[in-house]
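Chemist: Structure incoming, see below.
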Amino acid sequence: MVIDAEGFMYKCWMDIGNRALSVGNIKSNTLGNEALLYQYMLYEPVKDEVCSQCKYLPVCLGGCPHERLQGKKGCTTLKETVQDYMEYLPEVMEQNRS
Ligand code: SF4
């Protein structure tokens, strides 16, 4: 949750400044865009055809929610870097031992 200077709350920093995307106001104790709040909160990646088959699902939790709401897949960057990381890991561990 991100809160702006006027107390408007947003589920993502990408939404700040667009009051239509505010999910409430902490100063006035009022709700805002409840439908958007539920869209952010109730996504179940295990029901997504692609994510449910993806080995990164336990780690990425279905990717970036903001990207998903834009109709994109916000896959974790780990997907592109894990191979390099795993190859480099033994070297890093050896350096830390010495
Ligand atoms: S890496 Fe991409 S496809 Fe895999 S679970 Fe995450 S969002 Fe879904």
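FYI, nothing fancy with the structure tokens labels: chains A, B, ... in order, residues from 1 per chain, ligands from 1 as they appear.
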Around ligand 1, at most 6 Å away and counting only C-alpha atoms and all ligand atoms, which residues are there? Put them as an mmCIF file with N, CA and C atoms, in the first residue's frame, please.
Modeler:
```
data_model
loop_
_atom_site.group_PDB
_atom_site.id
_atom_site.type_symbol
_atom_site.label_atom_id
_atom_site.label_comp_id
_atom_site.auth_asym_id
_atom_site.auth_seq_id
_atom_site.Cartn_x
_atom_site.Cartn_y
_atom_site.Cartn_z
ATOM 1 N N VAL A 50 -1.211 -20.238 -17.829
ATOM 2 C CA VAL A 50 0.247 -20.221 -17.987
ATOM 3 C C VAL A 50 0.945 -20.340 -16.632
ATOM 4 N N CYS A 51 0.536 -19.526 -15.682
ATOM 5 C CA CYS A 51 1.186 -19.526 -14.363
ATOM 6 C C CYS A 51 1.061 -20.878 -13.658
ATOM 7 N N CYS A 54 3.841 -23.049 -14.516
ATOM 8 C CA CYS A 54 5.175 -22.433 -14.448
ATOM 9 C C CYS A 54 5.900 -22.835 -13.163
ATOM 10 N N TYR A 56 8.129 -21.265 -11.625
ATOM 11 C CA TYR A 56 8.465 -20.113 -10.775
ATOM 12 C C TYR A 56 7.278 -19.620 -9.945
ATOM 13 N N LEU A 57 6.143 -20.227 -10.126
ATOM 14 C CA LEU A 57 4.940 -19.754 -9.432
ATOM 15 C C LEU A 57 5.101 -19.633 -7.912
ATOM 16 N N CYS A 60 7.230 -16.330 -7.561
ATOM 17 C CA CYS A 60 6.784 -15.034 -8.098
ATOM 18 C C CYS A 60 5.335 -14.696 -7.755
ATOM 19 N N GLY A 62 2.690 -15.162 -9.230
ATOM 20 C CA GLY A 62 1.874 -14.732 -10.358
ATOM 21 C C GLY A 62 2.316 -13.426 -10.982
ATOM 22 N N GLY A 63 3.461 -12.927 -10.557
ATOM 23 C CA GLY A 63 4.024 -11.739 -11.193
ATOM 24 C C GLY A 63 3.491 -10.433 -10.662
ATOM 25 N N LYS A 73 1.913 -10.020 -18.688
ATOM 26 C CA LYS A 73 2.456 -10.959 -17.695
ATOM 27 C C LYS A 73 3.669 -10.287 -17.060
ATOM 28 N N GLY A 74 3.588 -10.060 -15.773
ATOM 29 C CA GLY A 74 4.714 -9.430 -15.067
ATOM 30 C C GLY A 74 5.616 -10.479 -14.469
ATOM 31 N N CYS A 75 6.193 -11.309 -15.318
ATOM 32 C CA CYS A 75 7.014 -12.422 -14.836
ATOM 33 C C CYS A 75 8.207 -11.930 -14.027
ATOM 34 N N THR A 76 8.596 -12.756 -13.085
ATOM 35 C CA THR A 76 9.759 -12.433 -12.267
ATOM 36 C C THR A 76 11.012 -12.412 -13.131
#
```
Chemist: Pick out the residues sitting within 8 Å of Tyr10 of chain A, and hand them over as a ChimeraX atom specification; count only C-alpha atoms, and ignore anything fewer than 4 positions along from it in its own chain.
Modeler: /A:1-3,15-16,21-24
Chemist: For Gln39 of chain A, find every residue with an atom within 12 Å (counting only C-alpha atoms), except residues of its own chain fewer than 3 positions away, and show them as an MDAnalysis selection string.
Modeler: chainID A and resid 11 21 23 33:36 42:44 65:66 68:70
Chemist: Selected residues, C-alpha atoms, written as a PDB file, in the first residue's frame, please.
Modeler:
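Output saved as selection26.pdb:
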```pdb
ATOM      1  CA  LYS A  11      -2.119  -0.585  -4.149  1.00  0.00           C
ATOM      2  CA  LEU A  21      -7.080   4.377  -8.867  1.00  0.00           C
ATOM      3  CA  VAL A  23      -8.478   2.510  -3.013  1.00  0.00           C
ATOM      4  CA  ASN A  33     -11.993   2.225  -5.907  1.00  0.00           C
ATOM      5  CA  GLU A  34     -13.055  -1.009  -4.201  1.00  0.00           C
ATOM      6  CA  ALA A  35     -13.339  -2.894  -7.486  1.00  0.00           C
ATOM      7  CA  LEU A  36      -9.679  -2.173  -8.193  1.00  0.00           C
ATOM      8  CA  LEU A  42      -8.052 -11.599  -5.248  1.00  0.00           C
ATOM      9  CA  TYR A  43      -5.957 -12.814  -8.159  1.00  0.00           C
ATOM     10  CA  GLU A  44      -5.288 -16.547  -8.005  1.00  0.00           C
ATOM     11  CA  PRO A  65      -0.119  -7.253 -10.138  1.00  0.00           C
ATOM     12  CA  HIS A  66       0.061  -3.871 -11.883  1.00  0.00           C
ATOM     13  CA  ARG A  68      -1.324  -8.116 -14.875  1.00  0.00           C
ATOM     14  CA  LEU A  69      -4.044  -5.457 -14.630  1.00  0.00           C
ATOM     15  CA  GLN A  70      -2.587  -3.891 -17.788  1.00  0.00           C
TER      16      GLN A  70
END
```
Chemist: Distance atom CA of Arg19 of chain A-atom CA of Gly7 of chain A, one decimal place?
Modeler: 11.0 Å
Chemist: Could you give me the residues within chain A that DSSP places in helix (DSSP H, G or I), as JSON, numbers by chain?
Modeler: {"A": [13, 14, 15, 19, 20, 21, 34, 35, 36, 37, 38, 39, 40, 41, 45, 46, 47, 51, 52, 53, 57, 58, 59, 60, 65, 66, 67, 68, 69, 78, 79, 80, 81, 82, 83, 84, 85, 86, 87, 88, 89, 90, 91, 92, 93, 94, 95, 96, 97]}
Chemist: One number please: atom CA of Glu67 of chain A to atom CA of Ala5 of chain A, in Å, one decimal.
Modeler: 24.8 Å
Chemist: Would you please work out which residue, of A:Val59, A:Leu37, A:Ile26, A:Met9, is nearest to Val82 of chain A when using only C-alpha atoms?
Modeler: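 With only C-alpha atoms as the atom set, the closest residue is A:Val59.
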Chemist: Would you mind telling me which residue in A:Gly32, A:Ser98, A:Pro90, A:Tyr40 lies nearest to Ala20 of chain A when using only C-alpha atoms?
Modeler: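 Of A:Gly32, A:Ser98, A:Pro90, A:Tyr40, the one nearest Ala20 of chain A, counting only C-alpha atoms, is A:Gly32.
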Chemist: Between A:Met14, A:Pro58, A:Thr77, A:Val92, single out the one closest to Val46 of chain A, counting only C-alpha atoms.
Modeler: A:Pro58
Chemist: Extract the full set of strand (DSSP E) residues from chain A according to DSSP on the backbone, and format it as a PyMOL selection string.
Modeler: chain A and resi 2-3+8-10+24-25+30-31
Chemist: Output N, CA and C atoms for every residue in the selection just made, as a PDB file, in the first residue's frame.
Modeler:
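Writing done, so here's result-v7.pdb:
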```pdb
ATOM      1  N   VAL A   2       0.550   2.198  -0.819  1.00  0.00           N
ATOM      2  CA  VAL A   2       1.278   3.458  -0.883  1.00  0.00           C
ATOM      3  C   VAL A   2       0.298   4.572  -0.533  1.00  0.00           C
ATOM      4  N   ILE A   3       0.755   5.509   0.300  1.00  0.00           N
ATOM      5  CA  ILE A   3      -0.120   6.611   0.741  1.00  0.00           C
ATOM      6  C   ILE A   3       0.502   7.924   0.301  1.00  0.00           C
ATOM      7  N   PHE A   8      -4.389   9.697   0.304  1.00  0.00           N
ATOM      8  CA  PHE A   8      -4.982   8.731  -0.634  1.00  0.00           C
ATOM      9  C   PHE A   8      -4.097   7.490  -0.712  1.00  0.00           C
ATOM     10  N   MET A   9      -4.741   6.329  -0.662  1.00  0.00           N
ATOM     11  CA  MET A   9      -4.019   5.049  -0.646  1.00  0.00           C
ATOM     12  C   MET A   9      -4.124   4.381  -2.019  1.00  0.00           C
ATOM     13  N   TYR A  10      -3.006   3.779  -2.399  1.00  0.00           N
ATOM     14  CA  TYR A  10      -2.937   3.095  -3.688  1.00  0.00           C
ATOM     15  C   TYR A  10      -2.302   1.725  -3.473  1.00  0.00           C
ATOM     16  N   GLY A  24      -8.724   4.229  -1.317  1.00  0.00           N
ATOM     17  CA  GLY A  24      -9.268   4.796  -0.091  1.00  0.00           C
ATOM     18  C   GLY A  24      -8.455   5.981   0.381  1.00  0.00           C
ATOM     19  N   ASN A  25      -8.910   6.587   1.472  1.00  0.00           N
ATOM     20  CA  ASN A  25      -8.176   7.712   2.041  1.00  0.00           C
ATOM     21  C   ASN A  25      -8.036   7.516   3.547  1.00  0.00           C
ATOM     22  N   THR A  30     -12.161   6.802   4.341  1.00  0.00           N
ATOM     23  CA  THR A  30     -13.150   6.440   3.325  1.00  0.00           C
ATOM     24  C   THR A  30     -12.543   5.458   2.326  1.00  0.00           C
ATOM     25  N   LEU A  31     -13.394   4.670   1.726  1.00  0.00           N
ATOM     26  CA  LEU A  31     -12.964   3.754   0.686  1.00  0.00           C
ATOM     27  C   LEU A  31     -12.970   4.470  -0.657  1.00  0.00           C
TER      28      LEU A  31
END
```
